[in-house]
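Trainee: Starting off with a structure, shown below.
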Amino acid sequence: MINNSYLLGMYGLAPTTSGSSGAASTVKKQPTAPWNASVKPQAQSDLLRTALSGRRFINEATTSLDMQSVSSGDYRKIFAMYQGLSMLEAITQRAGQRGVSALENGQLSKHFDAGMAELSAFLRDSTFDGLRMVEGVSATKAQTGAGVARDSAKYITGAIHTGAVTDAVAAFQGDVQFNITVKSVAGVQTIAIDLDDMGTEPRTLQSVVAHINGRLEAAGVQTRMSRELLPSEPRVIKAGDKTITLPAGADKWALSVQGVSAETVSFAPVASADAVYVVQGVGNAGGHNVLKFQEGAANATGAAFWVDGQIGQSSLPDGVEIVRASAVGPDGSMWIVADVSAGNSTQPIKGQGDVVLMKLDSAGQVVISRALGAASTASGYAISVGADGRVAVAGSVIGALEPGAAGAAANLADSFVTVFDAKGVEQWTQRRGAKAADEATAVSFGADGRVYVAGRSQSAMPGAIATGGWDGYVQAFSETQVHSLAPITATASGVTQFGTAGDDNVQAMTVDGDKLFTAGIENGRMVVRRFQIDATGAPTLLSTRDLGSAGSGEISGLSVVNGQVVVAGATRNQALDIGQVNNAHAGGFDAFVAVISDGLTASANDRLTYYGGAGDDSAADVKIVDGKVWLTGVSDRAIGAKPEDPTSGYLARLDPLTGAVEWEQIWSGANGQAAPMTIAVAAGGASVLDRLGLPQGEIPHADSKKLIDVTALRTGDRFYVTSSSGRSVAVTIDAKETLQTLARKIET
């Protein structure tokens with residue numbers, strides 16, 4: 001492509017102006033350039049005719065100047081070169097037109113090559129007085145904000161020590177035992193690490209790293225440990241209306257694991273305990289972090305806002321607006337589904353908001369991040385992790401999701417469900433919508449291999465009948481795969497819609513064998529439903545239990561344990577219809593835990609436990625593990641408090657049969673704001689590795705390189721590249737697209 005625009009940066013560009021009445025005349029200081037607006041440009045046809053006539057492309061003798069100066073020689077050369085470039089551009093314009101014969105095209109190419117040769121010789125041989133002219137390639141570079149992370153065999157922990165490297169490290173004291181397993185082509189080696197083997201040697205960063213590396217070297221592996229300096233930075237805090245910058249504190253130190261591509265490294269504790277993760281919002285700036293608790297552990301950090309039992313804390317990426325659901329995977333990692341208003345630095349989103357699935361290792365570091373790829377906005381309401389590690393995410397989407405499919409109405413929400421494999425690779429996505437708005441609020445893997453989704457809709461879901469207002473619904477999806485290398489497809493295999501003439505919803509769901517249970521608010525009342533799942537996956541209603549007025553509350557959790565249904569949530573209702581009350585309602589909103597029979601009939605074994613203080617207590621999330629109920633939410637907030645008023649978070653474990661509070665902690669947060677959102681319980685997820693900042697399990701060295709995995713792109717997304725001739729060429733994203741293949745497409 002020939003483009004004269006870069007000449008416009010040289011002197012001779014500014015149009016000269018003549019004097020006018022009542023104003024002093026502007027003194028003309030340079031010749032009028034041929035690209036000046038006052039000069040009539042030559043027609044393209046005339047330039048082409050001259051270029052094909054065999055005349056010289058660059059001819060100073062035919063270049064005239066309307067004034068002479070000390071730099072006339074430079075002006076003459078530049079103007080002559082501009083004329084030659086204009087002739088070359090005329091040739092390229094003609095070659096790009098339709099209908100040019102092969103014979104003519106050959107002539108155009110011959111004259112173009114001759115002109116370029118003449119231009120090169122001119123630049124090589126000409127001498128300029130006031131500037132330096134060189135021949136080169138003119139290019140404009142644009143770099144995307146999205147990026148694909150390079151593979152890295154280095155893992156850096158969070159800070160574990162403040163002070164000198166020669167100081168004893170508190171995290172290394174006591175009984176510190178763990179195993180490092182290294183897999184390579186040579187086999188699998190497990191290296192036992194026990195710091196008691198150091199004897200009386202002080203356990204400093206230097207000595208402990210040297211001790212571990214000695215064990216690794218003796219085992220013949222290449223992986224090594226080292227220390228990593230984390231420079232401290234000034235802190236900014238708010239005191240009332242004032243912003244105060246505090247000086248940087250002491251530098252902190254972390255451990256790092258330096259592996260090699262040929263080795264896979266994993267860590268395993270010798271002894272472990274259950275861990276509880278709480279995702280919460282903190283402060284007034286919209287930040288979010290993850291707290292890790294171990295029952296009975298002491299707070300040895302002395303850090304602000306830490307309480308007994310808390311053994312870790314990490315921050316979620318910027319841009320997270322809210323986290324509504326989290327779950328633990330078979331490997332002890334935690335998956336969360338978050339609504340984001342902006343992607344992170346390497347994963348921008350398409351529209352105003354999107355849903356992002358994140359996987360955090362046991363040390364709280366984000367190791368996988370997957371954007372749904374909504375073109376407008378989306379919300380994530382539910383998550384479920386299967387026994388095989390697959391992850392299902394459900395919610396609502398407005399606007400396009402799959403290319404070319406924007407739903408029945410561009411401004412109304414539709415339900416969606418997406419299933420990922422254990423490595424975060426999307427397996428399939430289904431969008432199911434009524435003519436009016438609908439959203440998926442619960443999801444679960446069934447024992448029959450199907451994925452079950454529940455939610456609410458303002459009109460009939462496909463294949464169902466509406467009952468009025470918002471209705472609850474349950475939908476089954478069956479998977480099909482022709483062979484192991486073929487893509488997995490999913491089809492809706494059963495739907496049931498239910499409710500009253502008022503507004504109804506489903507806030508929780510669980511699958512127990514061939515039975516499915518839902519719990520929600522139906523026309524202002526808390527209702528539990530029991531369904532039979534048939535061979536096609538379609539649920540048929542068997543029984544219903546009305547627990548009483550919702551009292552403006554909500555249901556946060558539902559589970560089946562030993563033939564009993566456990567329901568938990570929050571309510572102002574002081575007398576839910578659930579038989580024997582273990583702990584009475586204390587006032588305002590209280591969390592509650594109810595135990596009823598799985599047949600949903602009233603029984604003498606029914607139990608009801610309220611939890612809370614005289615103020616408002618929420619039940620943001622509930623998990624039932626080994627028959628015990630874990631609750632988290634906002635604790636005992638003053639009734640009528642304003643949104644900006646202080647809040648405290650709580651974590652409690654209850655025995656649902658006796659109502660006994662077996663363990664609890666309450667804490668504050670930055671600026672007096674702590675708002676727990678979700679809870680997840682990992683069996684054996686807490687260990688001495690938490691003190692060292694090391695994760696349990698395998699350290700990932702590489703993530704997927706497919707753009708549909710690591711960006712917000714979806715298969716079939718398309719954009720256009722327009723050339724200087726105005727012709728647009730479509731570039732379509734394929735399922736296996738990488739940065740390299742996409743770059744090649746654009747170049748082509």
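By order of appearance in the structure tokens: chains A, B, ..., then residues from 1 within every chain, and ligands from 1 in the order shown.
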For Arg572 (chain A), work out the shell of residues within 10 Å, counting only C-alpha atoms and skipping chain neighbours fewer than 3 positions away, then give it as a list in words.
Mentor: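 Listed by chain and then number, they are Ser549, Ala550, Gly551, Ser552, Gly553, Glu554, Ala575, Leu576, His585, Ala586, Gly587, Gly588, Phe589, Asp590, Ala591, Phe592, Asp616 and Asp617 of chain A.
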Trainee: I'd like the contact shell of Asp512 (chain A) - 12 Å cut-off, only C-alpha atoms, skipping same-chain residues fewer than 2 positions apart - returned as number ranges by chain.
Mentor: A: 444-448, 452, 509-510, 514-518, 530-533, 558-565, 598
Trainee: Got time to write the residues from that selection, N, CA and C atoms, as a PDB file, in the first residue's frame?
Mentor:
```pdb
ATOM      1  N   SER A 444     -27.989 -28.658  39.642  1.00  0.00           N
ATOM      2  CA  SER A 444     -27.456 -29.829  40.334  1.00  0.00           C
ATOM      3  C   SER A 444     -27.208 -30.946  39.341  1.00  0.00           C
ATOM      4  N   PHE A 445     -26.165 -31.755  39.588  1.00  0.00           N
ATOM      5  CA  PHE A 445     -25.920 -32.967  38.814  1.00  0.00           C
ATOM      6  C   PHE A 445     -26.756 -34.094  39.416  1.00  0.00           C
ATOM      7  N   GLY A 446     -27.457 -34.846  38.567  1.00  0.00           N
ATOM      8  CA  GLY A 446     -28.258 -35.956  39.041  1.00  0.00           C
ATOM      9  C   GLY A 446     -27.496 -37.265  38.995  1.00  0.00           C
ATOM     10  N   ALA A 447     -27.978 -38.233  39.768  1.00  0.00           N
ATOM     11  CA  ALA A 447     -27.354 -39.550  39.769  1.00  0.00           C
ATOM     12  C   ALA A 447     -27.508 -40.241  38.427  1.00  0.00           C
ATOM     13  N   ASP A 448     -28.478 -39.802  37.617  1.00  0.00           N
ATOM     14  CA  ASP A 448     -28.710 -40.397  36.301  1.00  0.00           C
ATOM     15  C   ASP A 448     -27.833 -39.785  35.215  1.00  0.00           C
ATOM     16  N   TYR A 452     -29.775 -30.882  36.227  1.00  0.00           N
ATOM     17  CA  TYR A 452     -31.090 -30.341  36.562  1.00  0.00           C
ATOM     18  C   TYR A 452     -30.962 -28.864  36.916  1.00  0.00           C
ATOM     19  N   MET A 509     -32.382 -26.153  45.438  1.00  0.00           N
ATOM     20  CA  MET A 509     -32.771 -27.434  44.858  1.00  0.00           C
ATOM     21  C   MET A 509     -31.705 -28.466  45.207  1.00  0.00           C
ATOM     22  N   THR A 510     -32.127 -29.716  45.354  1.00  0.00           N
ATOM     23  CA  THR A 510     -31.186 -30.805  45.544  1.00  0.00           C
ATOM     24  C   THR A 510     -31.769 -32.068  44.922  1.00  0.00           C
ATOM     25  N   ASP A 514     -33.474 -40.772  42.768  1.00  0.00           N
ATOM     26  CA  ASP A 514     -34.473 -40.459  41.750  1.00  0.00           C
ATOM     27  C   ASP A 514     -35.513 -39.481  42.257  1.00  0.00           C
ATOM     28  N   LYS A 515     -35.187 -38.782  43.346  1.00  0.00           N
ATOM     29  CA  LYS A 515     -36.068 -37.739  43.887  1.00  0.00           C
ATOM     30  C   LYS A 515     -35.395 -36.376  43.744  1.00  0.00           C
ATOM     31  N   LEU A 516     -36.194 -35.370  43.488  1.00  0.00           N
ATOM     32  CA  LEU A 516     -35.710 -33.995  43.365  1.00  0.00           C
ATOM     33  C   LEU A 516     -36.538 -33.125  44.296  1.00  0.00           C
ATOM     34  N   PHE A 517     -35.862 -32.268  45.052  1.00  0.00           N
ATOM     35  CA  PHE A 517     -36.541 -31.383  45.997  1.00  0.00           C
ATOM     36  C   PHE A 517     -36.250 -29.926  45.634  1.00  0.00           C
ATOM     37  N   THR A 518     -37.253 -29.084  45.770  1.00  0.00           N
ATOM     38  CA  THR A 518     -37.078 -27.642  45.591  1.00  0.00           C
ATOM     39  C   THR A 518     -37.612 -26.935  46.827  1.00  0.00           C
ATOM     40  N   ARG A 530     -41.448 -31.977  46.463  1.00  0.00           N
ATOM     41  CA  ARG A 530     -40.753 -33.241  46.211  1.00  0.00           C
ATOM     42  C   ARG A 530     -41.245 -33.815  44.887  1.00  0.00           C
ATOM     43  N   PHE A 531     -40.292 -34.169  44.003  1.00  0.00           N
ATOM     44  CA  PHE A 531     -40.616 -34.663  42.672  1.00  0.00           C
ATOM     45  C   PHE A 531     -40.023 -36.054  42.471  1.00  0.00           C
ATOM     46  N   GLN A 532     -40.697 -36.836  41.647  1.00  0.00           N
ATOM     47  CA  GLN A 532     -40.172 -38.114  41.174  1.00  0.00           C
ATOM     48  C   GLN A 532     -39.564 -37.891  39.791  1.00  0.00           C
ATOM     49  N   ILE A 533     -38.316 -38.345  39.591  1.00  0.00           N
ATOM     50  CA  ILE A 533     -37.659 -38.219  38.290  1.00  0.00           C
ATOM     51  C   ILE A 533     -37.898 -39.500  37.504  1.00  0.00           C
ATOM     52  N   LEU A 558     -30.715 -26.199  50.950  1.00  0.00           N
ATOM     53  CA  LEU A 558     -31.610 -27.352  50.973  1.00  0.00           C
ATOM     54  C   LEU A 558     -30.769 -28.606  50.775  1.00  0.00           C
ATOM     55  N   SER A 559     -30.994 -29.614  51.618  1.00  0.00           N
ATOM     56  CA  SER A 559     -30.230 -30.846  51.502  1.00  0.00           C
ATOM     57  C   SER A 559     -31.052 -31.989  52.068  1.00  0.00           C
ATOM     58  N   VAL A 560     -30.723 -33.210  51.630  1.00  0.00           N
ATOM     59  CA  VAL A 560     -31.349 -34.412  52.173  1.00  0.00           C
ATOM     60  C   VAL A 560     -30.275 -35.199  52.911  1.00  0.00           C
ATOM     61  N   VAL A 561     -30.510 -35.458  54.211  1.00  0.00           N
ATOM     62  CA  VAL A 561     -29.528 -36.137  55.053  1.00  0.00           C
ATOM     63  C   VAL A 561     -30.235 -37.240  55.831  1.00  0.00           C
ATOM     64  N   ASN A 562     -29.822 -38.478  55.620  1.00  0.00           N
ATOM     65  CA  ASN A 562     -30.353 -39.612  56.377  1.00  0.00           C
ATOM     66  C   ASN A 562     -31.877 -39.646  56.389  1.00  0.00           C
ATOM     67  N   GLY A 563     -32.467 -39.453  55.216  1.00  0.00           N
ATOM     68  CA  GLY A 563     -33.909 -39.546  55.108  1.00  0.00           C
ATOM     69  C   GLY A 563     -34.660 -38.343  55.615  1.00  0.00           C
ATOM     70  N   GLN A 564     -33.957 -37.264  55.899  1.00  0.00           N
ATOM     71  CA  GLN A 564     -34.602 -36.039  56.354  1.00  0.00           C
ATOM     72  C   GLN A 564     -34.174 -34.878  55.468  1.00  0.00           C
ATOM     73  N   VAL A 565     -35.072 -33.923  55.307  1.00  0.00           N
ATOM     74  CA  VAL A 565     -34.802 -32.739  54.510  1.00  0.00           C
ATOM     75  C   VAL A 565     -34.410 -31.602  55.455  1.00  0.00           C
ATOM     76  N   ASP A 598     -38.398 -36.565  54.642  1.00  0.00           N
ATOM     77  CA  ASP A 598     -38.233 -36.451  53.197  1.00  0.00           C
ATOM     78  C   ASP A 598     -39.527 -36.731  52.443  1.00  0.00           C
TER      79      ASP A 598
END
```
Trainee: Point out the residue among A:Arg215, A:Arg224, A:Lys252, A:Lys40 with the least atom-to-atom distance to Gly163 (chain A), counting only C-alpha atoms.
Mentor: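 For Gly163 (chain A), the nearest of the candidates is A:Lys252.
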Trainee: Assign secondary structure with DSSP using the backbone only, and return the residues of region 55-255 of chain A in helix (DSSP H, G or I) as a short mmCIF file (atom, residue, chain, number, x, y, z; two decimals) with N, CA and C atoms, in the first residue's frame.
Mentor:
```cif
data_model
loop_
_atom_site.label_atom_id
_atom_site.label_comp_id
_atom_site.auth_asym_id
_atom_site.auth_seq_id
_atom_site.Cartn_x
_atom_site.Cartn_y
_atom_site.Cartn_z
N GLU A 60 13.07 16.11 -10.34
CA GLU A 60 13.18 17.43 -9.71
C GLU A 60 13.08 18.55 -10.74
N ALA A 61 13.47 18.27 -11.99
CA ALA A 61 13.48 19.32 -13.01
C ALA A 61 12.08 19.83 -13.31
N THR A 62 11.07 18.99 -13.12
CA THR A 62 9.70 19.41 -13.44
C THR A 62 8.96 19.94 -12.21
N SER A 72 15.52 25.50 -0.50
CA SER A 72 14.79 25.17 -1.73
C SER A 72 15.14 23.78 -2.25
N GLY A 73 16.43 23.38 -2.08
CA GLY A 73 16.83 22.07 -2.57
C GLY A 73 16.06 20.94 -1.88
N ASP A 74 15.90 21.07 -0.58
CA ASP A 74 15.15 20.05 0.16
C ASP A 74 13.69 20.04 -0.26
N TYR A 75 13.11 21.25 -0.39
CA TYR A 75 11.70 21.31 -0.80
C TYR A 75 11.51 20.65 -2.17
N ARG A 76 12.41 20.92 -3.10
CA ARG A 76 12.28 20.39 -4.46
C ARG A 76 12.34 18.86 -4.44
N LYS A 77 13.26 18.32 -3.65
CA LYS A 77 13.37 16.86 -3.57
C LYS A 77 12.11 16.24 -2.95
N ILE A 78 11.63 16.84 -1.86
CA ILE A 78 10.44 16.29 -1.18
C ILE A 78 9.22 16.37 -2.08
N PHE A 79 9.03 17.49 -2.78
CA PHE A 79 7.86 17.64 -3.66
C PHE A 79 7.94 16.68 -4.83
N ALA A 80 9.16 16.47 -5.35
CA ALA A 80 9.34 15.53 -6.45
C ALA A 80 9.04 14.10 -5.98
N MET A 81 9.49 13.77 -4.77
CA MET A 81 9.22 12.45 -4.23
C MET A 81 7.72 12.25 -4.00
N TYR A 82 7.04 13.30 -3.56
CA TYR A 82 5.59 13.22 -3.37
C TYR A 82 4.89 12.91 -4.69
N GLN A 83 5.38 13.55 -5.77
CA GLN A 83 4.79 13.29 -7.09
C GLN A 83 4.99 11.83 -7.48
N GLY A 84 6.19 11.28 -7.23
CA GLY A 84 6.45 9.89 -7.56
C GLY A 84 5.60 8.94 -6.74
N LEU A 85 5.44 9.21 -5.46
CA LEU A 85 4.61 8.37 -4.60
C LEU A 85 3.14 8.42 -5.03
N SER A 86 2.70 9.60 -5.48
CA SER A 86 1.32 9.72 -5.95
C SER A 86 1.09 8.86 -7.19
N MET A 87 2.09 8.78 -8.06
CA MET A 87 1.97 7.94 -9.25
C MET A 87 1.94 6.46 -8.88
N LEU A 88 2.78 6.06 -7.91
CA LEU A 88 2.76 4.67 -7.44
C LEU A 88 1.40 4.33 -6.81
N GLU A 89 0.85 5.28 -6.07
CA GLU A 89 -0.45 5.05 -5.45
C GLU A 89 -1.54 4.88 -6.50
N ALA A 90 -1.43 5.63 -7.60
CA ALA A 90 -2.41 5.51 -8.69
C ALA A 90 -2.36 4.12 -9.31
N ILE A 91 -1.15 3.56 -9.42
CA ILE A 91 -1.02 2.20 -9.96
C ILE A 91 -1.70 1.20 -9.03
N THR A 92 -1.48 1.32 -7.70
CA THR A 92 -2.08 0.36 -6.76
C THR A 92 -3.61 0.48 -6.75
N GLN A 93 -4.10 1.71 -6.90
CA GLN A 93 -5.56 1.89 -6.93
C GLN A 93 -6.17 1.21 -8.15
N ARG A 94 -5.50 1.32 -9.28
CA ARG A 94 -6.00 0.68 -10.50
C ARG A 94 -5.92 -0.84 -10.38
N ALA A 95 -4.84 -1.35 -9.80
CA ALA A 95 -4.68 -2.79 -9.67
C ALA A 95 -5.75 -3.39 -8.75
N ALA A 102 -5.50 -9.86 -16.91
CA ALA A 102 -4.18 -10.38 -16.52
C ALA A 102 -3.07 -9.63 -17.25
N LEU A 103 -3.32 -9.28 -18.52
CA LEU A 103 -2.32 -8.54 -19.30
C LEU A 103 -2.06 -7.18 -18.68
N GLU A 104 -3.16 -6.46 -18.37
CA GLU A 104 -3.00 -5.12 -17.78
C GLU A 104 -2.34 -5.22 -16.40
N ASN A 105 -2.74 -6.22 -15.67
CA ASN A 105 -2.18 -6.38 -14.33
C ASN A 105 -0.67 -6.61 -14.39
N GLY A 106 -0.23 -7.35 -15.40
CA GLY A 106 1.20 -7.56 -15.57
C GLY A 106 1.93 -6.26 -15.86
N GLN A 107 1.32 -5.41 -16.71
CA GLN A 107 1.92 -4.12 -17.02
C GLN A 107 1.98 -3.22 -15.78
N LEU A 108 0.90 -3.24 -14.99
CA LEU A 108 0.88 -2.42 -13.77
C LEU A 108 1.97 -2.87 -12.81
N SER A 109 2.12 -4.18 -12.68
CA SER A 109 3.14 -4.70 -11.78
C SER A 109 4.54 -4.33 -12.24
N LYS A 110 4.76 -4.39 -13.58
CA LYS A 110 6.07 -4.04 -14.13
C LYS A 110 6.43 -2.59 -13.84
N HIS A 111 5.48 -1.67 -14.08
CA HIS A 111 5.75 -0.25 -13.84
C HIS A 111 5.86 0.05 -12.35
N PHE A 112 5.09 -0.66 -11.53
CA PHE A 112 5.19 -0.44 -10.08
C PHE A 112 6.58 -0.83 -9.58
N ASP A 113 7.09 -1.96 -10.01
CA ASP A 113 8.42 -2.39 -9.59
C ASP A 113 9.48 -1.40 -10.04
N ALA A 114 9.30 -0.87 -11.25
CA ALA A 114 10.26 0.12 -11.76
C ALA A 114 10.23 1.38 -10.91
N GLY A 115 9.01 1.81 -10.54
CA GLY A 115 8.88 3.00 -9.71
C GLY A 115 9.49 2.81 -8.33
N MET A 116 9.30 1.63 -7.72
CA MET A 116 9.88 1.37 -6.41
C MET A 116 11.40 1.34 -6.48
N ALA A 117 11.93 0.79 -7.56
CA ALA A 117 13.38 0.77 -7.73
C ALA A 117 13.91 2.19 -7.86
N GLU A 118 13.19 3.03 -8.60
CA GLU A 118 13.61 4.42 -8.76
C GLU A 118 13.55 5.15 -7.43
N LEU A 119 12.51 4.89 -6.65
CA LEU A 119 12.37 5.53 -5.34
C LEU A 119 13.52 5.13 -4.42
N SER A 120 13.88 3.84 -4.42
CA SER A 120 14.98 3.37 -3.58
C SER A 120 16.29 4.03 -3.97
N ALA A 121 16.52 4.12 -5.27
CA ALA A 121 17.76 4.76 -5.74
C ALA A 121 17.80 6.23 -5.36
N PHE A 122 16.65 6.90 -5.46
CA PHE A 122 16.57 8.32 -5.12
C PHE A 122 16.91 8.54 -3.64
N LEU A 123 16.35 7.71 -2.78
CA LEU A 123 16.61 7.86 -1.35
C LEU A 123 18.06 7.53 -1.02
N ARG A 124 18.64 6.59 -1.76
CA ARG A 124 20.03 6.20 -1.50
C ARG A 124 21.01 7.28 -1.94
N ASP A 125 20.72 7.93 -3.05
CA ASP A 125 21.70 8.83 -3.65
C ASP A 125 21.49 10.30 -3.32
N ALA A 170 7.94 -17.64 62.01
CA ALA A 170 6.92 -18.23 62.89
C ALA A 170 6.19 -19.38 62.20
N ALA A 171 5.96 -19.26 60.88
CA ALA A 171 5.22 -20.29 60.16
C ALA A 171 5.96 -21.63 60.12
N PHE A 172 7.28 -21.59 60.34
CA PHE A 172 8.08 -22.83 60.28
C PHE A 172 8.18 -23.54 61.63
N LEU A 195 10.52 -30.72 59.13
CA LEU A 195 11.48 -29.74 59.61
C LEU A 195 12.13 -30.15 60.93
N ASP A 196 11.59 -31.16 61.61
CA ASP A 196 12.28 -31.68 62.80
C ASP A 196 13.63 -32.28 62.44
N ASP A 197 13.79 -32.66 61.16
CA ASP A 197 15.07 -33.22 60.72
C ASP A 197 16.19 -32.18 60.73
N MET A 198 15.82 -30.88 60.88
CA MET A 198 16.84 -29.83 60.93
C MET A 198 17.49 -29.75 62.31
N LEU A 205 14.24 -18.47 56.71
CA LEU A 205 13.96 -18.67 55.29
C LEU A 205 15.13 -19.35 54.60
N GLN A 206 16.32 -18.87 54.90
CA GLN A 206 17.50 -19.44 54.25
C GLN A 206 17.67 -20.91 54.59
N SER A 207 17.58 -21.23 55.87
CA SER A 207 17.88 -22.60 56.29
C SER A 207 16.80 -23.58 55.86
N VAL A 208 15.52 -23.17 55.93
CA VAL A 208 14.44 -24.08 55.55
C VAL A 208 14.45 -24.33 54.04
N VAL A 209 14.66 -23.29 53.26
CA VAL A 209 14.73 -23.48 51.80
C VAL A 209 15.90 -24.39 51.45
N ALA A 210 17.02 -24.19 52.11
CA ALA A 210 18.19 -25.04 51.84
C ALA A 210 17.90 -26.48 52.24
N HIS A 211 17.21 -26.68 53.35
CA HIS A 211 16.88 -28.03 53.79
C HIS A 211 15.97 -28.73 52.78
N ILE A 212 14.92 -28.04 52.33
CA ILE A 212 13.99 -28.65 51.37
C ILE A 212 14.70 -28.95 50.05
N ASN A 213 15.51 -28.01 49.58
CA ASN A 213 16.22 -28.23 48.32
C ASN A 213 17.22 -29.38 48.42
N GLY A 214 17.77 -29.56 49.60
CA GLY A 214 18.66 -30.70 49.79
C GLY A 214 17.93 -32.01 49.62
N ARG A 215 16.70 -32.08 50.12
CA ARG A 215 15.89 -33.28 49.95
C ARG A 215 15.52 -33.49 48.47
N LEU A 216 15.17 -32.40 47.79
CA LEU A 216 14.82 -32.50 46.37
C LEU A 216 16.02 -32.94 45.53
N GLU A 217 17.18 -32.38 45.83
CA GLU A 217 18.38 -32.75 45.08
C GLU A 217 18.74 -34.21 45.31
N ALA A 218 18.62 -34.66 46.56
CA ALA A 218 18.94 -36.05 46.87
C ALA A 218 18.01 -37.01 46.15
#
```
Trainee: Choose the residue, out of A:Leu357, A:Val236, A:Ile596, A:Ala492, that has the smallest atom-to-atom separation from Leu657 (chain A); count only C-alpha atoms.
Mentor: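 Smallest distance to Leu657 (chain A) is found for A:Ile596.
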Trainee: Give the strand (DSSP E) residues of region 585-670 of chain A, as DSSP finds them on the backbone, and put them as a PyMOL selection string.
Mentor: chain A and resi 590-597+607-611+621-625+628-634+649-654+661-667
